[in-house]
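Containing mmCIF, N, CA and C atoms: work25.cif.
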data_data
#
loop_
_atom_site.label_atom_id
_atom_site.label_comp_id
_atom_site.auth_asym_id
_atom_site.auth_seq_id
_atom_site.Cartn_x
_atom_site.Cartn_y
_atom_site.Cartn_z
N MET A 1 -0.93 -19.94 5.31
CA MET A 1 -1.49 -18.61 5.22
C MET A 1 -0.50 -17.57 5.75
N SER A 2 0.23 -17.94 6.76
CA SER A 2 1.22 -17.04 7.35
C SER A 2 2.33 -16.70 6.35
N VAL A 3 2.73 -17.69 5.56
CA VAL A 3 3.78 -17.47 4.57
C VAL A 3 3.28 -16.51 3.49
N LEU A 4 2.03 -16.68 3.06
CA LEU A 4 1.45 -15.79 2.05
C LEU A 4 1.39 -14.35 2.54
N ILE A 5 0.98 -14.16 3.77
CA ILE A 5 0.89 -12.82 4.33
C ILE A 5 2.28 -12.20 4.47
N THR A 6 3.25 -13.00 4.87
CA THR A 6 4.62 -12.49 4.99
C THR A 6 5.18 -12.07 3.63
N ILE A 7 4.94 -12.87 2.61
CA ILE A 7 5.42 -12.53 1.27
C ILE A 7 4.74 -11.27 0.75
N LEU A 8 3.41 -11.19 0.91
CA LEU A 8 2.69 -9.99 0.46
C LEU A 8 3.11 -8.75 1.23
N SER A 9 3.39 -8.90 2.50
CA SER A 9 3.85 -7.76 3.29
C SER A 9 5.22 -7.28 2.83
N CYS A 10 6.12 -8.20 2.54
CA CYS A 10 7.45 -7.82 2.04
C CYS A 10 7.34 -7.13 0.69
N LEU A 11 6.50 -7.64 -0.19
CA LEU A 11 6.29 -6.98 -1.48
C LEU A 11 5.65 -5.61 -1.30
N GLY A 12 4.75 -5.51 -0.33
CA GLY A 12 4.13 -4.21 -0.03
C GLY A 12 5.14 -3.21 0.48
N PHE A 13 6.08 -3.65 1.32
CA PHE A 13 7.14 -2.76 1.81
C PHE A 13 7.98 -2.24 0.64
N LEU A 14 8.38 -3.12 -0.25
CA LEU A 14 9.20 -2.71 -1.39
C LEU A 14 8.44 -1.74 -2.29
N PHE A 15 7.18 -2.04 -2.56
CA PHE A 15 6.35 -1.17 -3.39
C PHE A 15 6.15 0.18 -2.71
N ALA A 16 5.93 0.17 -1.40
CA ALA A 16 5.70 1.42 -0.67
C ALA A 16 6.94 2.30 -0.67
N PHE A 17 8.10 1.73 -0.47
CA PHE A 17 9.32 2.54 -0.46
C PHE A 17 9.60 3.12 -1.85
N GLY A 18 9.24 2.39 -2.89
CA GLY A 18 9.37 2.94 -4.24
C GLY A 18 8.44 4.11 -4.46
N LEU A 19 7.25 4.04 -3.90
CA LEU A 19 6.29 5.14 -4.05
C LEU A 19 6.63 6.33 -3.17
N VAL A 20 7.13 6.08 -1.99
CA VAL A 20 7.43 7.17 -1.06
C VAL A 20 8.53 8.07 -1.62
N PHE A 21 9.48 7.51 -2.34
CA PHE A 21 10.58 8.30 -2.88
C PHE A 21 10.30 8.84 -4.29
N HIS A 22 9.05 8.74 -4.73
CA HIS A 22 8.65 9.32 -6.01
C HIS A 22 8.45 10.82 -5.83
N LYS A 23 8.62 11.60 -6.89
CA LYS A 23 8.54 13.05 -6.73
C LYS A 23 7.12 13.60 -6.73
N HIS A 24 6.13 12.82 -7.17
CA HIS A 24 4.74 13.28 -7.17
C HIS A 24 4.12 13.04 -5.78
N TRP A 25 3.41 14.04 -5.26
CA TRP A 25 2.90 13.93 -3.88
C TRP A 25 1.77 12.91 -3.78
N GLY A 26 1.03 12.65 -4.85
CA GLY A 26 -0.01 11.62 -4.82
C GLY A 26 0.60 10.23 -4.65
N ALA A 27 1.75 10.02 -5.27
CA ALA A 27 2.44 8.74 -5.12
C ALA A 27 2.97 8.57 -3.71
N LYS A 28 3.41 9.67 -3.08
CA LYS A 28 3.88 9.59 -1.69
C LYS A 28 2.75 9.19 -0.75
N VAL A 29 1.56 9.75 -0.96
CA VAL A 29 0.40 9.39 -0.13
C VAL A 29 0.04 7.93 -0.34
N ALA A 30 0.05 7.48 -1.59
CA ALA A 30 -0.23 6.07 -1.88
C ALA A 30 0.81 5.16 -1.24
N GLY A 31 2.07 5.59 -1.23
CA GLY A 31 3.12 4.80 -0.58
C GLY A 31 2.89 4.64 0.91
N PHE A 32 2.45 5.72 1.56
CA PHE A 32 2.16 5.63 2.99
C PHE A 32 0.96 4.73 3.27
N VAL A 33 -0.04 4.75 2.38
CA VAL A 33 -1.20 3.85 2.55
C VAL A 33 -0.76 2.40 2.45
N VAL A 34 0.06 2.09 1.46
CA VAL A 34 0.54 0.72 1.28
C VAL A 34 1.45 0.30 2.43
N LEU A 35 2.30 1.21 2.89
CA LEU A 35 3.21 0.90 3.99
C LEU A 35 2.44 0.59 5.27
N ILE A 36 1.46 1.41 5.60
CA ILE A 36 0.68 1.19 6.81
C ILE A 36 -0.13 -0.10 6.71
N SER A 37 -0.71 -0.37 5.55
CA SER A 37 -1.48 -1.61 5.41
C SER A 37 -0.59 -2.84 5.49
N SER A 38 0.62 -2.75 4.93
CA SER A 38 1.54 -3.89 5.00
C SER A 38 1.99 -4.15 6.44
N LEU A 39 2.29 -3.08 7.16
CA LEU A 39 2.67 -3.25 8.57
C LEU A 39 1.55 -3.86 9.39
N TYR A 40 0.32 -3.38 9.18
CA TYR A 40 -0.81 -3.89 9.94
C TYR A 40 -1.11 -5.35 9.57
N ALA A 41 -1.02 -5.67 8.28
CA ALA A 41 -1.27 -7.05 7.85
C ALA A 41 -0.24 -8.00 8.42
N TYR A 42 1.01 -7.58 8.46
CA TYR A 42 2.06 -8.44 9.01
C TYR A 42 1.89 -8.62 10.52
N ASP A 43 1.48 -7.56 11.20
CA ASP A 43 1.31 -7.62 12.65
C ASP A 43 0.12 -8.49 13.04
N LYS A 44 -1.00 -8.33 12.37
CA LYS A 44 -2.23 -9.04 12.73
C LYS A 44 -2.42 -10.35 11.97
N GLN A 45 -1.56 -10.63 10.98
CA GLN A 45 -1.63 -11.85 10.17
C GLN A 45 -3.01 -12.02 9.53
N THR A 46 -3.45 -10.99 8.81
CA THR A 46 -4.71 -11.04 8.10
C THR A 46 -4.56 -10.38 6.73
N LEU A 47 -5.40 -10.77 5.78
CA LEU A 47 -5.33 -10.22 4.44
C LEU A 47 -6.24 -9.00 4.24
N MET A 48 -7.08 -8.70 5.19
CA MET A 48 -8.04 -7.61 5.05
C MET A 48 -7.38 -6.24 4.80
N PRO A 49 -6.25 -5.89 5.42
CA PRO A 49 -5.63 -4.59 5.13
C PRO A 49 -5.21 -4.42 3.67
N PHE A 50 -4.84 -5.51 3.01
CA PHE A 50 -4.48 -5.41 1.60
C PHE A 50 -5.71 -5.06 0.76
N LEU A 51 -6.84 -5.64 1.09
CA LEU A 51 -8.08 -5.32 0.38
C LEU A 51 -8.48 -3.87 0.61
N ILE A 52 -8.39 -3.42 1.83
CA ILE A 52 -8.73 -2.03 2.16
C ILE A 52 -7.78 -1.06 1.47
N ALA A 53 -6.50 -1.37 1.45
CA ALA A 53 -5.52 -0.50 0.77
C ALA A 53 -5.79 -0.46 -0.73
N PHE A 54 -6.16 -1.58 -1.32
CA PHE A 54 -6.47 -1.62 -2.74
C PHE A 54 -7.67 -0.73 -3.05
N ILE A 55 -8.69 -0.78 -2.22
CA ILE A 55 -9.87 0.06 -2.42
C ILE A 55 -9.52 1.54 -2.25
N ILE A 56 -8.70 1.86 -1.25
CA ILE A 56 -8.28 3.26 -1.04
C ILE A 56 -7.48 3.75 -2.24
N LEU A 57 -6.59 2.91 -2.78
CA LEU A 57 -5.80 3.32 -3.94
C LEU A 57 -6.67 3.51 -5.18
N LEU A 58 -7.71 2.68 -5.34
CA LEU A 58 -8.64 2.88 -6.46
C LEU A 58 -9.40 4.20 -6.32
N ILE A 59 -9.82 4.52 -5.11
CA ILE A 59 -10.52 5.78 -4.87
C ILE A 59 -9.58 6.95 -5.13
N MET A 60 -8.33 6.84 -4.69
CA MET A 60 -7.36 7.91 -4.95
C MET A 60 -7.13 8.10 -6.44
N LYS A 61 -7.12 7.00 -7.20
CA LYS A 61 -6.94 7.11 -8.65
C LYS A 61 -8.14 7.80 -9.29
N LYS A 62 -9.34 7.49 -8.82
CA LYS A 62 -10.54 8.13 -9.35
C LYS A 62 -10.58 9.62 -9.01
N MET A 63 -9.96 10.00 -7.89
CA MET A 63 -9.92 11.41 -7.49
C MET A 63 -8.86 12.20 -8.25
N GLY A 64 -8.00 11.54 -8.98
CA GLY A 64 -7.00 12.22 -9.79
C GLY A 64 -5.63 12.32 -9.16
N LEU A 65 -5.34 11.49 -8.18
CA LEU A 65 -4.03 11.53 -7.54
C LEU A 65 -3.02 10.60 -8.21
N ASP A 66 -3.37 10.07 -9.36
CA ASP A 66 -2.49 9.18 -10.08
C ASP A 66 -1.42 10.00 -10.82
N PRO A 67 -0.13 9.77 -10.57
CA PRO A 67 0.90 10.57 -11.23
C PRO A 67 1.02 10.30 -12.73
N GLY A 68 0.41 9.24 -13.23
CA GLY A 68 0.50 8.92 -14.64
C GLY A 68 -0.40 9.76 -15.53
N GLU A 69 -1.29 10.52 -14.93
CA GLU A 69 -2.23 11.31 -15.73
C GLU A 69 -1.73 12.70 -15.98
#
Render the structure in this file as structure tokens.
Amino acid sequence: MSVLITILSCLGFLFAFGLVFHKHWGAKVAGFVVLISSLYAYDKQTLMPFLIAFIILLIMKKMGLDPGE
């Protein structure tokens, strides 16, 4: 389980840095959400922050913060 959390956290870091350097401000906010959840998941060794971040990102998409629209 520790290896899975470490891999997901590393992928979350890479995804977050890609979003943080995007020019749309909604993507920057999403990047910070993913970055914070990845840091917390790696520190506490739990998968719950990834679920919470996914739900927050879905809510942000429903609110119109998706840069693809």
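Using all atoms listed in the file, the shortest contact distance between Phe54 in chain A and any of A:Val33, A:Leu19, A:Leu4, A:Ala27 is found at A:Val33.
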**Asked** Smallest atom-to-atom distance to Ser38 in chain A: which of A:Ile56, A:Leu11, A:Met1, A:Leu65, using only N, CA and C atoms?
**Response**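 For Ser38 in chain A, the nearest of the candidates is A:Leu11.
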**Asked** Separation of CA of Ala30 in chain A and atom C of Thr46 in chain A, in Å?
**Response**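 Taking CA of Ala30 in chain A as the start and atom C of Thr46 in chain A as the end point, the length is 19.1 Å.
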**Asked** Of the candidates A:Ile7, A:Phe15, A:Ser2, A:Val34, which shows the shortest atom-to-atom distance to Leu57 in chain A, using only N, CA and C atoms?
**Response**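 Checking each of A:Ile7, A:Phe15, A:Ser2, A:Val34 against Leu57 in chain A, counting only N, CA and C atoms, the winner is A:Val34.
Look at everything within 12 Å of (8.8, -5.2, 2.0) using only C-alpha atoms, and the residues you get are Ile5, Thr6, Ile7, Leu8, Ser9, Cys10, Leu11, Gly12, Phe13, Leu14, Phe15, Ala16, Phe17, Gly18, Gly31, Val34, Leu35, Ile36, Ser37, Ser38, Leu39, Ala41 and Tyr42 of chain A.
Distance-wise, atom C of Leu47 in chain A and atom N of Ile59 in chain A end up 16.8 Å apart.
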**Asked** List as a VMD selection string: which residues have an atom within 10 Å of (-4.7, 12.6, -6.8), counting only C-alpha atoms?
**Response** chain A and resid 24 to 27 29 to 30 57 59 to 67 69
**Prompt:** What is the atom N of Gln45 in chain A-atom N of Leu58 in chain A distance in Å, reported with one decimal?
**Reply:**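 Distance between the two atoms: 21.9 Å.
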